[in-house]
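For reference, the structure is listed below as structure tokens.
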Amino acid sequence: MLNFYPEPQDFAPLTLDEKVSDAITRPPIGYWEDVWMRFRKNKLAVIGLSILAILAVMAIFGPIVSSWDYRTCDYGHINEFISSRHWFGTDYLGRDMFTRLWHGTRISVFIGITAALIDLVIGVVWGGIAGYFGGIVDDIMMRIVDILYGVPYLLVVILLLVVMEPGLASIIIAMSLTGWVGMARLVRGQILQLKEMEYVLAAKSVGAPPRRIIARHLIPNTMGVVLVSLTSSIPGAIFGEAFLSFIGLGVPMPQASLGTLANEGYQVLRIYPQNMIIPALVMSLLILSFNFVGDGLRDALDPRLRQ
Amino acid sequence: MLLSLWVIVTVSFILMNAVPGGPFTSVKLTPLVEKQLERKYGLDKPKWQQYTTLLKNLLHFDLGLSIRERGRSVNDIIKYTFPTSAVLGIEALVFAVTIGLALGIIAALYRGQALDYIAIIIAVIGVSIPNFIVASILQYLLGYKLKLLPIARWESFRHTILPAFALGLGTLATMTRMMRSSMLEVLNQDYIRTAKAKGLNSAQIIWKHGVRNAILPIVTILGPLIAGITTGTLVIERMFGIPGLGKYFVESIYNRDYPMIMGTTVFYSALLLFMTFLVDIAYGLIDPRIRIARGKED
Amino acid sequence: MEQNIANQEFAELAEQKLLSIEDLQVSFHTYAGEVHAVRGVTYSVEQGGSLAVVGESGCGKTVTVQAVMRLTPMPPGEIKGGKIAFNGKDILSLTEKQMQSVRGKEIGMIFQDPMTGLNPTMTVGNQIAEAVMKHQRVPKHEAMERAVEMLNLVEIPNPTVRASQYPHEFSGGMRQRAMIAIALACEPMLLIADEPTTSLDVTIQSQILELLQSLQDKMGMTIVLITHNLGVVARLARNIVVMYAGKVVESGSSSDIFYRPAHPYTRALLQSVPRLDAPSRKELASIPGTPPDLFEPPAGCAFAPRCKYSMKICLEHDSEPISVGDGHRVSCWLHHDANPNRLPVELYGGGGAHD
């Protein structure tokens, strides 16, 4: 609705500078900053990250702060409930649960991250080579992957652990030996997709050497997918270790892991429930937070939700 | 598929024999008796011969004699205990799939609202809490404290409720998440817009156009899910005292009963590989794009 | 007082025209803010007419017609104002159930990408029959017969066989024909075609357009065609509406638009179509600059920064539609009475001419 009537001088022509033509009204945002912004908006993901941070702090400082060692047996105070002497009570040998809990968390997380990282490295290298070179190399490598994929993961781990000497190293080795297969498939699929993208073609046509193409274009764009996969393989590894402990193939005494603690607690569940509830709670929180973070990351990286 | 099986058999054979000491090291025997037992179980022959014998036996579906369970062959044990595990597994699977899919669809339809958040939270918790912890919580609360349901043995349908629930919860959660994201993706597709533009009502659109397409990717993960439930039985059977194959398997691990371990491993692997194979075929039949392509090849 | 007159005019309009859109405003709420996709669009088409809505990507032409069908995704989208009258009904105030009997039955719509517009797990025949069964309450076998008839109508050979096939067994052009069959199955009064040929080969484009034309003749349908391709327009449309940055900048008959373009944007669009007889050294004319970001819509004319003729007033105020001929209106200050340098339309015109 016209609310005024124009005057002749309003019709004076404009100069070029007056027409701010190409002004971009939105500030540009970098890729990872954009991802972080979107991640932050996801409440669950942020909660997950915070819980992880808290657990990490406890795991690092818990055993240090406590006056007890994880293996010392306080024989006069067996199977005690929470008290000022033993903040989380004691187990059936009189060992301080607080210390053992955080020590166990350290071990579980260590196993989880190490196994996942080893799988990541093997998987990325395997999948990357297969995807990048294609052809016969790809065929052979993926054939092997397919065969190994059909092998039920935990069964192999069980077999391996039955024959190996019980110990931290064995568990990690056993778990990473077949776990890389999924990551390899993922990476190879992603590389195949990326290879066809036009910016790779553009880079090639300007004469970029394969090394540069891999480093500048293929790997950074695979990182997103790899990261998401990592955030679900770490809790998977933690779960795996706990599962193995529950069937008696976990870390040996007197070491503790969240799994062995839960197992020991289970034996006395009826009488001293806290001995199982506490490690179970920590384990669940750990896996839960990783899942939240993983989901948040996946959503933040999804190009379709972008504006 | 057969190659995978072969890999497993070979690997387990190598591993079983890589360990110093046999199944008898923990039992005190005189050398003479030991020798006789070895002869009986064929353990005195050279390794490669043991291997070929093994393969030959496998071809005849003979998994050997269990050492601890005197005289009972591994085949027998499996034959008697597997059906129990199968029932448990199927119950858990049916429970997980039906409720999981339903929850996933609901969550997608009410995206961003209360129902969605509830479903997501249930799903994430179900995925994060390991099944044995769920089992222990259930045993403690519902069984011990409230005395609502039995927590051990396998005598009536009521006995199956808790174990099946604990076993299936993780799978239910995964189903919910996957169905939800699959539905969301499908609902974003152009053909949903076409369906709406035709004037169809919501129910028709959701079922014939939404769910029909969303279910396809779910079928592809059925294989790994079944594998997950199978490994879950190992722990659940033990905790609930259910006389299934899983329980015996775990015991054989403790006892280092090698023929049993190996036999059961091979059995499980064969079973899982077969299931995966069936799932692949099923998928080919359901997805018209693949069905037609296969048809044209003939 | 003015409001009453406006309503009355609208009511009159609604009676004469089959579809009438008045001052429609649609926004989308996104992560980064509110996008004012449609900022006051007004146009109409009479029964039996064929209207083309032209404009570049992002100008709001698709959002407008989606609102007519009430297909706008409502969580991010919001219809902020305006009226839409179709066949005497006030579209924006219908319930969803009422809308469902308008869609498919009274208005049919075909979309841009035929490759993704069909359900991959249903046979093509079923997808057509679905619409028939819903609106005409006939048993399945009758609906299937109708489906085959429709496939025949859209010139798909072997319709009986094709009806029981799945979309992936159809080529791109055939899929688009199938989409047309679905849209027309219940003989709607109005067909909205949103960029129906954009993702098809040029030769197929031509066939599809001919098909649309013949169907219009046969069925007496009204067509609204959305496109950014002027070549498509020339063939099919009797009237044209030009949109830019969420508003209508010019509207008129196709001869008005092609031979007497009044708005500098329309003129630039026509000039940018390369001519076969131009000397080969001549640069391709293009419009410098880019369309504005619709997060903060400009106060004045949205085209002003890119316009050769822009004046002081153009940056400050947006022009109302001004009549420059019979049924020919343009929203541009160049044609305003108060413009001391106002020139008749002819002098700016000349479709395809270069200065």
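As shown in the structure tokens, the chain order sets the letters A, B, ...; within each chain, residues go from 1, and ligands are also counted from 1 in the order they appear.
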
- prompt: Which chain C residues are at most 6 Å from chain A (counting only C-alpha atoms), as a list in words?
  reply: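 Those within range of chain A come out as Gly289, Pro305, Ser310, Met311, Lys312 and Ile313 of chain C.
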
Go ahead and write the residues just picked, C-alpha atoms, as a JSON list (two decimals), in the first residue's frame.
```json
[["chain", "number", "residue", "atom", "x", "y", "z"],
["C", 289, "GLY", "CA", 25.41, -9.78, -9.59],
["C", 305, "PRO", "CA", 21.37, -3.38, -7.19],
["C", 310, "SER", "CA", 17.87, 2.04, -10.95],
["C", 311, "MET", "CA", 17.08, 5.34, -9.31],
["C", 312, "LYS", "CA", 17.21, 6.73, -5.81],
["C", 313, "ILE", "CA", 13.65, 5.75, -5.09]]
```

- request: Step one, run DSSP on the backbone; step two, keep only residues of segment 212-256 of chain C assigned to strand (DSSP E); then write them as a list in words.
  value: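 The strand (DSSP E) subset of segment 212-256 of chain C is Thr222, Ile223, Val224, Leu225, Ile226, Thr227, Asn239, Ile240, Val241, Val242, Met243, Tyr244, Lys247, Val248, Val249, Glu250, Ser251, Gly252 and Ser253 of chain C.
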
- request: For chain C, report every residue with an atom at most 8 Å from chain B (counting only C-alpha atoms), formatted as a ChimeraX atom specification.
  value: /C:69,71,97,99-105,108-111,116-121,131,134,166,168,182-183

Selection export as an mmCIF file, in the first residue's frame, atoms kept: N, CA and C atoms:
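In the end it all went to selection.cif:
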```cif
data_model
loop_
_atom_site.group_PDB
_atom_site.id
_atom_site.type_symbol
_atom_site.label_atom_id
_atom_site.label_comp_id
_atom_site.auth_asym_id
_atom_site.auth_seq_id
_atom_site.Cartn_x
_atom_site.Cartn_y
_atom_site.Cartn_z
ATOM 1 N N MET C 69 -1.435 -25.917 -3.092
ATOM 2 C CA MET C 69 -1.808 -27.292 -2.790
ATOM 3 C C MET C 69 -1.691 -27.593 -1.299
ATOM 4 N N LEU C 71 0.967 -27.957 0.304
ATOM 5 C CA LEU C 71 1.994 -28.981 0.460
ATOM 6 C C LEU C 71 3.242 -28.427 1.135
ATOM 7 N N LYS C 97 -8.649 -32.548 5.840
ATOM 8 C CA LYS C 97 -9.498 -33.536 5.184
ATOM 9 C C LYS C 97 -10.130 -32.969 3.917
ATOM 10 N N MET C 99 -8.935 -30.580 2.192
ATOM 11 C CA MET C 99 -7.841 -30.393 1.248
ATOM 12 C C MET C 99 -7.556 -31.695 0.517
ATOM 13 N N GLN C 100 -7.682 -32.834 1.233
ATOM 14 C CA GLN C 100 -7.366 -34.103 0.590
ATOM 15 C C GLN C 100 -8.319 -34.401 -0.553
ATOM 16 N N SER C 101 -9.533 -33.856 -0.497
ATOM 17 C CA SER C 101 -10.397 -34.127 -1.638
ATOM 18 C C SER C 101 -10.219 -33.091 -2.735
ATOM 19 N N VAL C 102 -9.431 -32.077 -2.466
ATOM 20 C CA VAL C 102 -9.099 -31.134 -3.538
ATOM 21 C C VAL C 102 -7.879 -31.641 -4.294
ATOM 22 N N ARG C 103 -6.903 -32.103 -3.547
ATOM 23 C CA ARG C 103 -5.672 -32.600 -4.169
ATOM 24 C C ARG C 103 -5.969 -33.839 -4.984
ATOM 25 N N GLY C 104 -5.466 -33.884 -6.156
ATOM 26 C CA GLY C 104 -5.655 -35.072 -6.978
ATOM 27 C C GLY C 104 -6.979 -35.045 -7.704
ATOM 28 N N LYS C 105 -8.000 -34.552 -7.069
ATOM 29 C CA LYS C 105 -9.313 -34.579 -7.702
ATOM 30 C C LYS C 105 -9.594 -33.287 -8.446
ATOM 31 N N GLY C 108 -4.345 -31.157 -9.969
ATOM 32 C CA GLY C 108 -3.299 -32.174 -10.101
ATOM 33 C C GLY C 108 -1.969 -31.465 -10.210
ATOM 34 N N MET C 109 -0.926 -32.120 -9.687
ATOM 35 C CA MET C 109 0.366 -31.448 -9.742
ATOM 36 C C MET C 109 1.441 -32.401 -10.202
ATOM 37 N N ILE C 110 2.304 -31.958 -11.083
ATOM 38 C CA ILE C 110 3.453 -32.771 -11.447
ATOM 39 C C ILE C 110 4.718 -32.016 -11.064
ATOM 40 N N PHE C 111 5.709 -32.790 -10.675
ATOM 41 C CA PHE C 111 6.891 -32.205 -10.077
ATOM 42 C C PHE C 111 8.098 -32.307 -10.981
ATOM 43 N N THR C 116 12.770 -39.412 -8.907
ATOM 44 C CA THR C 116 12.529 -39.718 -7.497
ATOM 45 C C THR C 116 11.075 -39.535 -7.104
ATOM 46 N N GLY C 117 10.237 -39.203 -8.073
ATOM 47 C CA GLY C 117 8.866 -38.882 -7.695
ATOM 48 C C GLY C 117 7.927 -40.077 -7.609
ATOM 49 N N LEU C 118 8.412 -41.265 -7.933
ATOM 50 C CA LEU C 118 7.545 -42.435 -7.916
ATOM 51 C C LEU C 118 8.010 -43.423 -6.860
ATOM 52 N N ASN C 119 7.051 -44.059 -6.187
ATOM 53 C CA ASN C 119 7.351 -45.020 -5.137
ATOM 54 C C ASN C 119 8.017 -46.264 -5.734
ATOM 55 N N PRO C 120 9.254 -46.546 -5.362
ATOM 56 C CA PRO C 120 9.953 -47.670 -6.000
ATOM 57 C C PRO C 120 9.394 -49.047 -5.680
ATOM 58 N N THR C 121 8.548 -49.136 -4.663
ATOM 59 C CA THR C 121 8.068 -50.465 -4.311
ATOM 60 C C THR C 121 6.616 -50.719 -4.713
ATOM 61 N N ALA C 131 -4.990 -43.244 -6.848
ATOM 62 C CA ALA C 131 -5.657 -41.949 -6.882
ATOM 63 C C ALA C 131 -7.108 -42.123 -7.302
ATOM 64 N N LYS C 134 -9.240 -43.623 -4.557
ATOM 65 C CA LYS C 134 -9.482 -42.711 -3.447
ATOM 66 C C LYS C 134 -10.580 -41.709 -3.807
ATOM 67 N N TYR C 166 7.514 -51.767 -12.478
ATOM 68 C CA TYR C 166 7.926 -50.853 -11.428
ATOM 69 C C TYR C 166 8.649 -49.646 -12.018
ATOM 70 N N HIS C 168 11.474 -48.332 -11.750
ATOM 71 C CA HIS C 168 12.858 -48.376 -12.223
ATOM 72 C C HIS C 168 12.967 -49.024 -13.596
ATOM 73 N N ILE C 182 -0.680 -39.924 -13.392
ATOM 74 C CA ILE C 182 -1.161 -39.921 -12.010
ATOM 75 C C ILE C 182 -1.907 -38.616 -11.723
ATOM 76 N N ALA C 183 -1.315 -37.505 -12.146
ATOM 77 C CA ALA C 183 -1.928 -36.218 -11.828
ATOM 78 C C ALA C 183 -3.272 -36.045 -12.515
#
```

Could you list, as an mmCIF file with N, CA and C atoms, in the first residue's frame, every residue of chain B that has an atom within 9 Å of an atom of chain A, counting only C-alpha atoms?
```cif
data_model
loop_
_atom_site.group_PDB
_atom_site.id
_atom_site.type_symbol
_atom_site.label_atom_id
_atom_site.label_comp_id
_atom_site.auth_asym_id
_atom_site.auth_seq_id
_atom_site.Cartn_x
_atom_site.Cartn_y
_atom_site.Cartn_z
ATOM 1 N N MET B 1 30.504 -67.580 1.719
ATOM 2 C CA MET B 1 29.958 -68.042 2.991
ATOM 3 C C MET B 1 30.679 -69.293 3.462
ATOM 4 N N LEU B 2 30.851 -70.251 2.569
ATOM 5 C CA LEU B 2 31.551 -71.456 2.963
ATOM 6 C C LEU B 2 32.996 -71.166 3.321
ATOM 7 N N LEU B 3 33.548 -70.200 2.605
ATOM 8 C CA LEU B 3 34.924 -69.834 2.896
ATOM 9 C C LEU B 3 35.051 -69.335 4.325
ATOM 10 N N SER B 4 34.084 -68.510 4.734
ATOM 11 C CA SER B 4 34.138 -68.005 6.102
ATOM 12 C C SER B 4 34.122 -69.163 7.068
ATOM 13 N N LEU B 5 33.280 -70.101 6.798
ATOM 14 C CA LEU B 5 33.165 -71.254 7.682
ATOM 15 C C LEU B 5 34.493 -71.994 7.757
ATOM 16 N N VAL B 7 37.382 -70.810 7.217
ATOM 17 C CA VAL B 7 38.353 -70.014 7.965
ATOM 18 C C VAL B 7 38.184 -70.252 9.458
ATOM 19 N N ILE B 8 36.936 -70.245 9.885
ATOM 20 C CA ILE B 8 36.700 -70.460 11.316
ATOM 21 C C ILE B 8 37.205 -71.803 11.768
ATOM 22 N N VAL B 11 40.973 -71.828 11.810
ATOM 23 C CA VAL B 11 41.517 -70.995 12.878
ATOM 24 C C VAL B 11 41.304 -71.642 14.236
ATOM 25 N N SER B 12 40.112 -72.173 14.470
ATOM 26 C CA SER B 12 39.887 -72.771 15.785
ATOM 27 C C SER B 12 40.767 -73.983 15.973
ATOM 28 N N LEU B 15 44.195 -72.801 16.818
ATOM 29 C CA LEU B 15 44.259 -72.242 18.161
ATOM 30 C C LEU B 15 44.185 -73.324 19.223
ATOM 31 N N MET B 16 43.257 -74.233 19.030
ATOM 32 C CA MET B 16 43.101 -75.273 20.038
ATOM 33 C C MET B 16 44.383 -76.046 20.230
ATOM 34 N N ASN B 17 45.103 -76.206 19.132
ATOM 35 C CA ASN B 17 46.319 -77.003 19.252
ATOM 36 C C ASN B 17 47.555 -76.187 19.550
ATOM 37 N N ALA B 18 47.372 -74.892 19.583
ATOM 38 C CA ALA B 18 48.538 -74.064 19.860
ATOM 39 C C ALA B 18 48.838 -74.013 21.342
ATOM 40 N N VAL B 19 47.849 -74.421 22.115
ATOM 41 C CA VAL B 19 48.047 -74.314 23.555
ATOM 42 C C VAL B 19 48.789 -75.518 24.084
ATOM 43 N N VAL B 124 18.108 -45.285 23.162
ATOM 44 C CA VAL B 124 19.519 -45.090 23.492
ATOM 45 C C VAL B 124 19.886 -45.846 24.757
ATOM 46 N N ILE B 125 18.977 -45.821 25.731
ATOM 47 C CA ILE B 125 19.280 -46.566 26.955
ATOM 48 C C ILE B 125 19.378 -48.047 26.644
ATOM 49 N N VAL B 127 20.277 -49.460 23.982
ATOM 50 C CA VAL B 127 21.503 -49.783 23.264
ATOM 51 C C VAL B 127 22.711 -49.689 24.176
ATOM 52 N N SER B 128 22.643 -48.787 25.137
ATOM 53 C CA SER B 128 23.832 -48.544 25.941
ATOM 54 C C SER B 128 24.010 -49.496 27.104
ATOM 55 N N ILE B 129 22.921 -49.911 27.712
ATOM 56 C CA ILE B 129 23.095 -50.767 28.888
ATOM 57 C C ILE B 129 23.273 -52.198 28.411
ATOM 58 N N PRO B 130 24.368 -52.794 28.740
ATOM 59 C CA PRO B 130 24.631 -54.158 28.269
ATOM 60 C C PRO B 130 23.553 -55.121 28.761
ATOM 61 N N ASN B 131 23.266 -56.142 27.985
ATOM 62 C CA ASN B 131 22.146 -57.005 28.303
ATOM 63 C C ASN B 131 22.298 -57.738 29.626
ATOM 64 N N PHE B 132 23.532 -58.012 30.016
ATOM 65 C CA PHE B 132 23.651 -58.715 31.288
ATOM 66 C C PHE B 132 23.341 -57.800 32.466
ATOM 67 N N ILE B 133 23.587 -56.524 32.284
ATOM 68 C CA ILE B 133 23.239 -55.600 33.362
ATOM 69 C C ILE B 133 21.720 -55.462 33.453
ATOM 70 N N SER B 136 20.524 -58.428 35.201
ATOM 71 C CA SER B 136 20.700 -58.421 36.655
ATOM 72 C C SER B 136 19.733 -57.469 37.331
ATOM 73 N N ILE B 137 19.517 -56.317 36.717
ATOM 74 C CA ILE B 137 18.549 -55.387 37.304
ATOM 75 C C ILE B 137 17.180 -56.040 37.390
ATOM 76 N N TYR B 140 17.071 -58.679 39.988
ATOM 77 C CA TYR B 140 17.059 -58.124 41.335
ATOM 78 C C TYR B 140 15.717 -57.498 41.673
ATOM 79 N N TYR B 144 13.723 -60.774 42.667
ATOM 80 C CA TYR B 144 14.084 -60.955 44.057
ATOM 81 C C TYR B 144 13.270 -60.068 44.975
ATOM 82 N N PRO B 224 23.347 -59.394 11.276
ATOM 83 C CA PRO B 224 24.131 -59.055 12.456
ATOM 84 C C PRO B 224 23.287 -59.032 13.731
ATOM 85 N N ALA B 227 22.979 -62.424 14.993
ATOM 86 C CA ALA B 227 24.256 -62.826 15.582
ATOM 87 C C ALA B 227 24.384 -62.266 16.992
ATOM 88 N N THR B 231 24.964 -64.404 20.506
ATOM 89 C CA THR B 231 26.025 -64.271 21.502
ATOM 90 C C THR B 231 25.432 -63.859 22.838
ATOM 91 N N GLY B 232 24.328 -63.140 22.783
ATOM 92 C CA GLY B 232 23.682 -62.748 24.032
ATOM 93 C C GLY B 232 23.224 -63.951 24.838
ATOM 94 N N LEU B 234 24.647 -66.583 25.378
ATOM 95 C CA LEU B 234 25.710 -67.142 26.203
ATOM 96 C C LEU B 234 25.595 -66.629 27.630
ATOM 97 N N VAL B 235 25.471 -65.343 27.731
ATOM 98 C CA VAL B 235 25.448 -64.751 29.062
ATOM 99 C C VAL B 235 24.097 -64.922 29.747
ATOM 100 N N ARG B 238 23.344 -68.347 31.161
ATOM 101 C CA ARG B 238 24.116 -68.595 32.360
ATOM 102 C C ARG B 238 23.464 -67.945 33.561
ATOM 103 N N VAL B 250 29.609 -71.931 27.502
ATOM 104 C CA VAL B 250 30.404 -71.179 28.480
ATOM 105 C C VAL B 250 31.104 -72.123 29.449
ATOM 106 N N GLU B 251 30.394 -73.155 29.845
ATOM 107 C CA GLU B 251 31.028 -74.125 30.749
ATOM 108 C C GLU B 251 32.210 -74.776 30.079
ATOM 109 N N ILE B 253 34.106 -73.562 27.998
ATOM 110 C CA ILE B 253 35.239 -72.636 27.984
ATOM 111 C C ILE B 253 35.981 -72.718 29.301
ATOM 112 N N TYR B 254 35.223 -72.703 30.361
ATOM 113 C CA TYR B 254 35.842 -72.807 31.680
ATOM 114 C C TYR B 254 36.631 -74.101 31.801
ATOM 115 N N ARG B 256 37.937 -75.871 29.484
ATOM 116 C CA ARG B 256 38.868 -76.089 28.394
ATOM 117 C C ARG B 256 38.551 -77.401 27.668
ATOM 118 N N ILE B 261 34.290 -76.903 22.623
ATOM 119 C CA ILE B 261 34.434 -75.497 22.231
ATOM 120 C C ILE B 261 34.422 -75.369 20.716
ATOM 121 N N MET B 262 35.267 -76.197 20.113
ATOM 122 C CA MET B 262 35.383 -76.070 18.685
ATOM 123 C C MET B 262 34.094 -76.452 17.984
ATOM 124 N N THR B 265 31.546 -73.792 18.367
ATOM 125 C CA THR B 265 31.884 -72.618 17.562
ATOM 126 C C THR B 265 31.520 -72.843 16.109
ATOM 127 N N TYR B 268 27.698 -72.738 15.739
ATOM 128 C CA TYR B 268 27.182 -71.374 15.777
ATOM 129 C C TYR B 268 27.488 -70.640 14.486
ATOM 130 N N SER B 269 28.750 -70.778 14.045
ATOM 131 C CA SER B 269 29.143 -70.051 12.840
ATOM 132 C C SER B 269 28.327 -70.485 11.657
ATOM 133 N N LEU B 272 24.860 -69.020 11.915
ATOM 134 C CA LEU B 272 24.786 -67.590 11.617
ATOM 135 C C LEU B 272 24.994 -67.315 10.141
ATOM 136 N N LEU B 273 25.956 -68.021 9.566
ATOM 137 C CA LEU B 273 26.194 -67.793 8.151
ATOM 138 C C LEU B 273 24.964 -68.172 7.338
ATOM 139 N N THR B 276 22.355 -65.466 7.696
ATOM 140 C CA THR B 276 22.688 -64.306 6.872
ATOM 141 C C THR B 276 22.337 -64.572 5.415
#
```

field: All alpha helix (DSSP H) positions in segment 175-282 of chain C, as an MDAnalysis selection string
entry: chainID C and resid 175:184 202:219 230:236 254:259 264:271

field: Shell around segment 197-206 of chain A at 12 Å using only C-alpha atoms, local window under 2 positions removed, as a list in words
entry: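 The filter keeps Tyr132, Gln190, Ile191, Leu192, Gln193, Leu194, Lys195, Ala208, Pro209, Pro210, Arg211, Arg212, Ile213, Ile214, Ala215, Arg216, His217, Leu218, Ile219 and Asn221 of chain A.
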